[in-house]
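Everything below belongs to query10.csv, which stores CSV, C-alpha atoms.
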chain,number,residue,atom,x,y,z
A,1,MET,CA,0.0,0.0,0.0
A,2,SER,CA,1.4,3.4,-0.9
A,3,GLU,CA,2.0,6.1,1.7
A,4,HIS,CA,-0.5,8.4,0.1
A,5,THR,CA,-3.2,5.6,0.1
A,6,LEU,CA,-2.5,5.0,3.8
A,7,PHE,CA,-2.8,8.8,4.4
A,8,LEU,CA,-6.2,8.8,2.7
A,9,LEU,CA,-7.4,5.8,4.7
A,10,THR,CA,-6.2,7.4,7.9
A,11,ILE,CA,-8.1,10.7,7.4
A,12,ALA,CA,-11.2,8.8,6.1
A,13,ALA,CA,-11.2,6.7,9.2
A,14,ILE,CA,-10.9,9.8,11.5
A,15,GLY,CA,-13.6,11.6,9.4
A,16,LEU,CA,-16.0,8.7,9.6
A,17,GLY,CA,-15.4,8.2,13.4
A,18,THR,CA,-15.9,11.9,14.1
A,19,LEU,CA,-19.0,11.9,12.0
A,20,PHE,CA,-20.3,9.0,14.1
A,21,PHE,CA,-19.7,11.0,17.3
A,22,ARG,CA,-21.3,14.1,15.8
A,23,GLY,CA,-24.3,12.3,14.5
A,24,ALA,CA,-24.9,9.7,17.2
A,25,PHE,CA,-27.8,11.7,18.7
A,26,ILE,CA,-28.6,14.0,15.8
A,27,ILE,CA,-29.0,11.6,12.9
A,28,PRO,CA,-31.5,9.2,14.4
A,29,GLN,CA,-34.9,10.8,13.8
A,30,LYS,CA,-36.5,8.9,16.7
A,31,ALA,CA,-36.3,11.0,19.9
A,32,HIS,CA,-33.9,9.4,22.3
A,33,HIS,CA,-35.1,9.1,25.9
A,34,LEU,CA,-32.4,9.8,28.4
A,35,SER,CA,-32.7,9.1,32.1
A,36,ASN,CA,-33.2,12.0,34.5
A,37,ARG,CA,-29.7,11.6,35.7
A,38,MET,CA,-28.3,11.8,32.2
A,39,GLU,CA,-30.4,14.9,31.4
A,40,SER,CA,-29.3,16.5,34.6
A,41,LEU,CA,-25.7,15.9,33.6
A,42,LEU,CA,-26.2,17.2,30.1
A,43,GLU,CA,-27.6,20.4,31.5
A,44,PHE,CA,-24.1,21.3,32.7
A,45,ILE,CA,-22.1,20.2,29.7
A,46,PRO,CA,-22.3,23.7,27.9
A,47,VAL,CA,-20.9,25.7,30.9
A,48,SER,CA,-18.4,23.0,31.7
A,49,ALA,CA,-17.1,22.8,28.1
A,50,MET,CA,-16.8,26.6,27.8
A,51,ALA,CA,-15.1,26.9,31.2
A,52,ALA,CA,-12.7,24.1,30.4
A,53,LEU,CA,-11.8,25.6,27.0
A,54,ALA,CA,-11.4,29.1,28.5
A,55,PHE,CA,-9.3,28.0,31.4
A,56,ALA,CA,-7.0,25.7,29.4
A,57,HIS,CA,-6.4,28.1,26.6
A,58,SER,CA,-5.8,31.0,29.0
A,59,PHE,CA,-3.5,29.1,31.4
A,60,TYR,CA,-1.2,27.3,29.0
A,61,ILE,CA,0.7,28.0,25.8
A,62,LYS,CA,1.7,24.9,23.9
A,63,SER,CA,5.2,25.0,22.5
A,64,GLY,CA,6.7,22.0,20.7
A,65,GLY,CA,4.2,19.6,22.3
A,66,VAL,CA,4.9,20.9,25.8
A,67,TYR,CA,2.4,22.8,27.9
A,68,GLU,CA,4.0,26.0,29.4
A,69,ILE,CA,2.2,28.1,32.0
A,70,SER,CA,1.7,31.6,30.6
A,71,PRO,CA,1.4,34.3,33.3
A,72,GLU,CA,0.6,36.9,30.6
A,73,ARG,CA,-2.3,34.8,29.3
A,74,ILE,CA,-3.6,34.2,32.8
A,75,THR,CA,-3.5,37.9,33.6
A,76,ALA,CA,-5.0,38.9,30.3
A,77,GLY,CA,-7.7,36.2,30.7
A,78,LEU,CA,-8.7,37.5,34.2
A,79,ILE,CA,-8.9,41.1,32.9
A,80,ALA,CA,-11.0,39.9,29.9
A,81,PHE,CA,-13.3,38.0,32.3
A,82,GLY,CA,-13.9,41.1,34.4
A,83,VAL,CA,-14.7,43.1,31.2
A,84,ALA,CA,-17.0,40.4,30.0
A,85,TRP,CA,-18.8,40.1,33.3
A,86,PHE,CA,-19.5,43.9,33.7
A,87,SER,CA,-19.8,45.0,30.1
A,88,LYS,CA,-21.4,42.0,28.5
A,89,ASN,CA,-19.9,43.3,25.3
A,90,MET,CA,-18.0,40.9,23.1
A,91,LEU,CA,-16.0,43.5,21.1
A,92,LEU,CA,-14.9,45.3,24.2
A,93,THR,CA,-13.9,42.0,25.8
A,94,PHE,CA,-11.9,41.0,22.7
A,95,ALA,CA,-10.3,44.5,22.4
A,96,VAL,CA,-9.3,44.7,26.0
A,97,GLY,CA,-8.1,41.1,26.2
A,98,MET,CA,-5.9,41.5,23.1
A,99,ALA,CA,-4.5,44.8,24.3
A,100,ALA,CA,-3.7,43.2,27.6
A,101,ILE,CA,-1.8,40.3,26.1
A,102,TRP,CA,0.2,42.6,23.8
A,103,VAL,CA,1.1,45.0,26.6
A,104,LEU,CA,2.0,42.2,29.0
A,105,GLY,CA,4.0,40.5,26.2
A,106,LEU,CA,6.0,43.7,25.7
A,107,LEU,CA,6.6,44.1,29.4
A,108,SER,CA,7.8,40.5,30.0
B,1,MET,CA,-38.9,31.8,6.9
B,2,LYS,CA,-36.2,29.0,6.7
B,3,LEU,CA,-33.8,31.3,4.9
B,4,ARG,CA,-34.4,34.0,7.5
B,5,LEU,CA,-33.6,31.6,10.3
B,6,PHE,CA,-30.6,30.4,8.4
B,7,PHE,CA,-29.2,33.9,8.1
B,8,ASP,CA,-30.1,34.6,11.7
B,9,GLY,CA,-27.7,31.8,12.5
B,10,VAL,CA,-25.0,33.2,10.2
B,11,ARG,CA,-25.3,36.6,11.9
B,12,GLU,CA,-25.1,35.0,15.4
B,13,VAL,CA,-21.9,33.1,14.7
B,14,VAL,CA,-20.0,36.2,13.3
B,15,PRO,CA,-18.3,36.9,16.6
B,16,PHE,CA,-16.8,33.4,16.5
B,17,PHE,CA,-14.9,34.3,13.4
B,18,ILE,CA,-12.6,36.2,15.6
B,19,GLY,CA,-11.4,32.9,17.0
B,20,ALA,CA,-11.8,30.7,14.0
B,21,ILE,CA,-9.8,32.8,11.6
B,22,PRO,CA,-6.4,32.9,13.4
B,23,PHE,CA,-6.8,29.2,14.5
B,24,GLY,CA,-7.6,28.2,10.9
B,25,ILE,CA,-4.6,30.2,9.5
B,26,ALA,CA,-2.4,28.6,12.2
B,27,ALA,CA,-3.6,25.1,11.4
B,28,GLY,CA,-3.2,25.5,7.6
B,29,LEU,CA,0.3,27.0,8.1
B,30,TYR,CA,1.3,24.2,10.5
B,31,SER,CA,0.2,21.4,8.1
B,32,VAL,CA,2.1,22.8,5.1
B,33,GLU,CA,5.2,23.5,7.3
B,34,LYS,CA,5.2,19.8,8.3
B,35,GLY,CA,5.5,18.8,4.7
B,36,PHE,CA,1.9,18.2,3.5
B,37,SER,CA,0.8,19.7,0.2
B,38,THR,CA,-1.9,22.3,0.3
B,39,PHE,CA,-4.3,19.8,-1.4
B,40,ASP,CA,-3.7,17.0,1.1
B,41,SER,CA,-3.9,19.5,4.0
B,42,PHE,CA,-7.2,20.8,2.7
B,43,LEU,CA,-8.5,17.2,2.2
B,44,MET,CA,-7.7,16.6,5.9
B,45,SER,CA,-9.4,19.7,6.9
B,46,VAL,CA,-12.6,18.8,4.9
B,47,PHE,CA,-12.7,15.2,6.1
B,48,ILE,CA,-12.0,15.9,9.8
B,49,PHE,CA,-13.1,19.5,10.3
B,50,ALA,CA,-11.9,19.8,13.8
B,51,GLY,CA,-8.8,22.0,14.5
B,52,ALA,CA,-7.2,20.3,17.5
B,53,ALA,CA,-7.6,16.8,15.9
B,54,GLN,CA,-6.2,18.1,12.6
B,55,VAL,CA,-3.1,19.5,14.3
B,56,ALA,CA,-2.6,16.2,16.3
B,57,THR,CA,-3.1,14.1,13.1
B,58,VAL,CA,-0.5,16.2,11.2
B,59,ASN,CA,1.9,15.7,14.2
B,60,LEU,CA,1.5,12.0,14.4
B,61,LEU,CA,1.6,11.4,10.6
B,62,THR,CA,4.9,13.3,10.5
B,63,ASP,CA,6.2,11.1,13.3
B,64,ASN,CA,5.2,8.0,11.3
B,65,ALA,CA,3.0,6.8,14.2
B,66,PRO,CA,1.0,3.6,13.6
B,67,PHE,CA,-2.4,3.9,11.9
B,68,TRP,CA,-4.4,2.9,15.0
B,69,ILE,CA,-2.6,5.5,17.2
B,70,ILE,CA,-3.3,8.3,14.8
B,71,VAL,CA,-6.9,7.4,14.4
B,72,GLY,CA,-7.4,6.7,18.1
B,73,THR,CA,-5.8,9.9,19.2
B,74,ALA,CA,-7.9,12.0,16.8
B,75,LEU,CA,-11.1,10.3,17.9
B,76,VAL,CA,-10.4,10.7,21.6
B,77,ILE,CA,-9.8,14.5,21.0
B,78,ASN,CA,-13.1,14.5,19.1
B,79,LEU,CA,-15.0,12.5,21.7
B,80,ARG,CA,-16.5,15.8,23.0
B,81,PHE,CA,-18.7,15.8,19.9
B,82,LEU,CA,-20.6,12.8,21.2
B,83,ILE,CA,-21.5,14.8,24.3
B,84,PHE,CA,-22.3,17.9,22.2
B,85,SER,CA,-24.5,15.8,19.9
B,86,ALA,CA,-26.5,14.5,22.9
B,87,SER,CA,-26.8,18.1,24.2
B,88,VAL,CA,-28.0,19.7,21.0
B,89,SER,CA,-30.3,17.0,19.7
B,90,PRO,CA,-33.3,18.0,21.8
B,91,TYR,CA,-33.2,21.4,20.0
B,92,LEU,CA,-33.2,19.7,16.6
B,93,THR,CA,-36.1,17.2,16.9
B,94,GLN,CA,-38.0,18.8,14.0
B,95,ALA,CA,-35.1,18.6,11.5
B,96,PRO,CA,-35.9,16.8,8.3
B,97,ARG,CA,-34.3,13.3,8.0
B,98,VAL,CA,-32.4,14.3,4.8
B,99,LEU,CA,-30.6,17.2,6.5
B,100,ARG,CA,-29.5,15.4,9.7
B,101,PRO,CA,-26.2,13.9,8.3
B,102,PHE,CA,-25.2,17.3,7.1
B,103,MET,CA,-26.1,18.9,10.4
B,104,ALA,CA,-24.0,16.3,12.1
B,105,TYR,CA,-21.0,16.8,9.8
B,106,PHE,CA,-21.1,20.6,10.2
B,107,MET,CA,-21.5,20.6,14.0
B,108,THR,CA,-18.6,22.4,15.8
B,109,ASP,CA,-17.9,23.9,19.3
B,110,SER,CA,-19.5,27.2,18.2
B,111,SER,CA,-22.8,25.6,16.8
B,112,PHE,CA,-23.0,23.6,20.1
B,113,ILE,CA,-22.4,26.6,22.3
B,114,LEU,CA,-24.8,28.9,20.4
B,115,THR,CA,-27.5,26.2,20.3
B,116,ALA,CA,-27.2,24.7,23.8
B,117,ARG,CA,-27.0,28.0,25.7
B,118,ARG,CA,-30.7,28.7,24.9
B,119,PRO,CA,-33.5,27.3,27.0
B,120,ASN,CA,-35.2,24.4,25.2
B,121,ASP,CA,-38.5,26.1,24.3
B,122,GLY,CA,-39.6,23.8,21.5
B,123,VAL,CA,-38.7,26.3,18.8
B,124,ASP,CA,-37.3,24.6,15.7
B,125,ARG,CA,-33.5,25.5,15.6
B,126,THR,CA,-32.7,23.4,12.5
B,127,TYR,CA,-32.1,26.3,10.0
B,128,GLN,CA,-30.4,28.5,12.6
B,129,PHE,CA,-28.1,25.6,13.5
B,130,LEU,CA,-27.3,25.1,9.8
B,131,GLY,CA,-26.6,28.8,9.3
B,132,ILE,CA,-24.2,28.8,12.2
B,133,SER,CA,-22.5,25.6,11.2
B,134,ILE,CA,-22.1,26.2,7.5
B,135,ALA,CA,-20.9,29.8,8.0
B,136,ILE,CA,-18.1,28.6,10.4
B,137,TRP,CA,-17.2,25.8,8.0
B,138,ILE,CA,-16.7,28.3,5.2
B,139,VAL,CA,-14.7,30.7,7.4
B,140,TRP,CA,-12.6,27.8,8.8
B,141,GLN,CA,-11.7,26.3,5.4
B,142,ALA,CA,-11.0,29.7,3.9
B,143,SER,CA,-8.7,30.6,6.8
B,144,PHE,CA,-7.0,27.2,6.6
B,145,LEU,CA,-6.3,27.7,2.9
B,146,ILE,CA,-5.0,31.3,3.6
B,147,GLY,CA,-2.7,29.9,6.3
B,148,ALA,CA,-1.5,27.1,4.1
B,149,ASN,CA,-0.6,29.5,1.3
B,150,PHE,CA,0.3,32.8,3.1
B,151,GLY,CA,0.5,32.1,6.8
B,152,ASN,CA,4.2,32.5,7.1
B,153,ILE,CA,3.9,36.3,6.6
B,154,ILE,CA,2.1,36.9,10.0
B,155,PRO,CA,4.5,37.7,12.8
B,156,ASN,CA,4.4,35.2,15.7
B,157,ASN,CA,4.3,37.9,18.4
B,158,TRP,CA,0.9,39.1,17.4
B,159,SER,CA,-0.6,36.4,19.7
B,160,LEU,CA,-3.6,36.0,17.5
B,161,ASP,CA,-4.2,32.6,18.9
B,162,PHE,CA,-5.4,34.3,22.2
B,163,ALA,CA,-8.6,35.4,20.3
B,164,LEU,CA,-10.0,31.9,20.8
B,165,PRO,CA,-9.8,31.8,24.7
B,166,LEU,CA,-11.2,35.4,24.8
B,167,LEU,CA,-14.3,34.1,23.0
B,168,PHE,CA,-14.7,31.2,25.4
B,169,ILE,CA,-14.3,33.6,28.3
B,170,PHE,CA,-17.0,35.9,27.0
B,171,PHE,CA,-19.4,33.0,26.5
B,172,THR,CA,-18.7,31.5,29.9
B,173,ALA,CA,-19.3,34.7,32.0
B,174,PRO,CA,-23.1,35.0,31.6
B,175,PHE,CA,-23.5,31.3,32.7
B,176,LEU,CA,-22.1,32.1,36.1
B,177,ASN,CA,-25.4,33.3,37.6
B,178,THR,CA,-26.3,30.2,39.7
B,179,SER,CA,-24.2,28.2,42.2
B,180,PRO,CA,-24.5,24.9,40.3
B,181,ASN,CA,-23.2,26.6,37.2
B,182,ILE,CA,-20.4,28.3,39.1
B,183,VAL,CA,-19.4,24.9,40.6
B,184,ALA,CA,-19.5,23.2,37.2
B,185,ALA,CA,-17.3,25.9,35.6
B,186,LEU,CA,-14.8,25.9,38.5
B,187,VAL,CA,-14.4,22.2,38.6
B,188,SER,CA,-14.2,21.9,34.9
B,189,GLY,CA,-11.8,24.8,34.6
B,190,VAL,CA,-9.4,23.6,37.3
B,191,GLY,CA,-9.8,20.0,36.0
B,192,ALA,CA,-8.7,21.2,32.5
B,193,ILE,CA,-5.6,22.9,34.0
B,194,ILE,CA,-4.7,19.7,35.9
B,195,PHE,CA,-5.6,17.0,33.5
B,196,ILE,CA,-4.8,18.4,30.0
B,197,PRO,CA,-1.0,18.2,30.5
B,198,LEU,CA,-1.3,15.0,32.6
B,199,LEU,CA,-3.5,12.6,30.7
B,200,PRO,CA,-2.5,10.9,27.5
B,201,LEU,CA,-4.2,11.1,24.1
B,202,HIS,CA,-5.7,14.5,24.8
B,203,SER,CA,-8.3,12.9,27.1
B,204,GLY,CA,-7.8,15.6,29.8
B,205,MET,CA,-10.3,18.0,28.2
B,206,ILE,CA,-13.1,15.4,28.1
B,207,THR,CA,-12.3,14.3,31.7
B,208,ALA,CA,-12.5,17.9,32.9
B,209,ILE,CA,-15.8,18.5,31.1
B,210,LEU,CA,-17.4,15.4,32.6
B,211,LEU,CA,-16.1,16.2,36.1
B,212,GLY,CA,-17.6,19.7,35.8
B,213,ALA,CA,-20.9,18.4,34.6
B,214,ILE,CA,-21.1,15.9,37.5
B,215,ALA,CA,-20.1,18.5,40.1
B,216,GLY,CA,-22.8,20.9,38.7
B,217,SER,CA,-25.4,18.2,38.8
B,218,LEU,CA,-24.5,17.2,42.4
B,219,MET,CA,-24.7,20.9,43.5
B,220,LYS,CA,-28.1,21.3,41.9
B,221,LYS,CA,-29.3,18.1,43.7
B,222,TYR,CA,-28.0,19.4,47.0
B,223,LYS,CA,-29.7,22.7,46.6
B,224,LEU,CA,-33.0,21.1,45.7
B,225,LYS,CA,-32.8,18.8,48.8
B,226,LYS,CA,-32.0,21.8,51.0
B,227,ALA,CA,-35.0,23.7,49.6
B,228,VAL,CA,-37.3,20.7,50.2
B,229,ASN,CA,-36.0,20.3,53.8
B,230,ALA,CA,-36.2,24.0,54.6
Go ahead and render the structure in this file as structure tokens.
Amino acid sequence: MSEHTLFLLTIAAIGLGTLFFRGAFIIPQKAHHLSNRMESLLEFIPVSAMAALAFAHSFYIKSGGVYEISPERITAGLIAFGVAWFSKNMLLTFAVGMAAIWVLGLLS
Amino acid sequence: MKLRLFFDGVREVVPFFIGAIPFGIAAGLYSVEKGFSTFDSFLMSVFIFAGAAQVATVNLLTDNAPFWIIVGTALVINLRFLIFSASVSPYLTQAPRVLRPFMAYFMTDSSFILTARRPNDGVDRTYQFLGISIAIWIVWQASFLIGANFGNIIPNNWSLDFALPLLFIFFTAPFLNTSPNIVAALVSGVGAIIFIPLLPLHSGMITAILLGAIAGSLMKKYKLKKAVNA
């Protein structure tokens, strides 16, 4: 088998597997009935997912496969959180957050 | 009506472009820098359509990792889509059968967040979901191609990759209005910090999310019990 064929098979397998995950509950037209426990758990998936993504991407910078703690990102992230909390304005949050990371990057 | 809802979705997802564009450019540039042609890189992006899994796949392919390691790693990274699928499906019960595979393919973190953050009020979210998902697909693929062809002209010290966490911070903040949500967010966030560098095959993120959801659920149960006993 050629290298390129193996490459195509690999990405096809990942694509199909990912489609299975994405579609597991969306594709079946019959409504699935989840237990109360499962529904209670699912209620908190959105906030948990967003918090995990926010914390992870603000705390670490990945360099050459290694996670390095980034004090600049942590500080800029906390500032951005404060702006988001009080202003509820996305553009302001983004502008202040990016300004903070640039200034902190220059100072470090 | 369907078209209006579709474009409502497109408008709603525009702020997410701030995160998707730099990430897409970085992913495209990374793939080409690792030796893949623009065409093969783009094929990967179309087949997989998940940034973190694409970057990990490029890494492992370059390292000549075995087939099952590459596929397994990418699928563990993408396991969160299974949970997202379960979370959004109650909002999409009215979707026509023929559209469902496309809705599944196009689902991303942004379409999940923008759909699942709403109360489930029985309104058909099918076309809004499609508008969100297809718009982000177009922006992602375009950014990826720009990165693959022109990414090396952007200075590294611009920290454009910080745009993505800013988006997640913005969308997390309004959720923190009840103690179960605060507990879920804190447990998940701290869990992500601890487990992401610690656990293999990128399973730290999914572990953190599940722990956060369990903690939030337990806190809600505790509060209900306290209210009943009061």
Query - Close residues, Ala80 in chain A itself excluded, 6 Å, all atoms listed in the file, min 3 positions apart in chain, as a PyMOL selection string - result: chain A and resi 77+83+93+97
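In this comparison, which uses all atoms listed in the file, the residue of B:Ala86, B:Leu218, B:Ala95, B:Ile196 approaching Pro46 in chain A most closely is B:Ala86.
Coordinates place CA of Arg125 in chain B at a distance of 8.2 Å from CA of Gln94 in chain B.
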Requested in this report: Would you list the contacts of Ile136 in chain B as a PyMOL selection string, taking every protein, DNA or RNA residue within 12 Å and counting all atoms listed in the file, but skipping same-chain residues closer than 5 positions in sequence?
Outcome: chain B and resi 9-21+24+49-50+106-112+129-131+141-144
Requested in this report: Find the residues of chain A in contact range of chain B, meaning any atom within 7 Å when counting only C-alpha atoms, and list them as a VMD selection string.
Outcome: chain A and resid 10 to 15 17 to 19 21 to 27 29 31 40 to 42 44 to 58 67 77 80 to 81 84 to 85 90 93 to 94 97
Query - Selection: 9 Å around Glu72 in chain A, all atoms listed in the file, excl. self and same-chain fewer than 5 positions, as a count of residues only - result: 9
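When CA of Gly151 in chain B is paired with CA of Leu29 in chain B, their separation reads 5.3 Å.
Distance-wise, CA of Gly35 in chain B and CA of Ala148 in chain B end up 10.9 Å apart.
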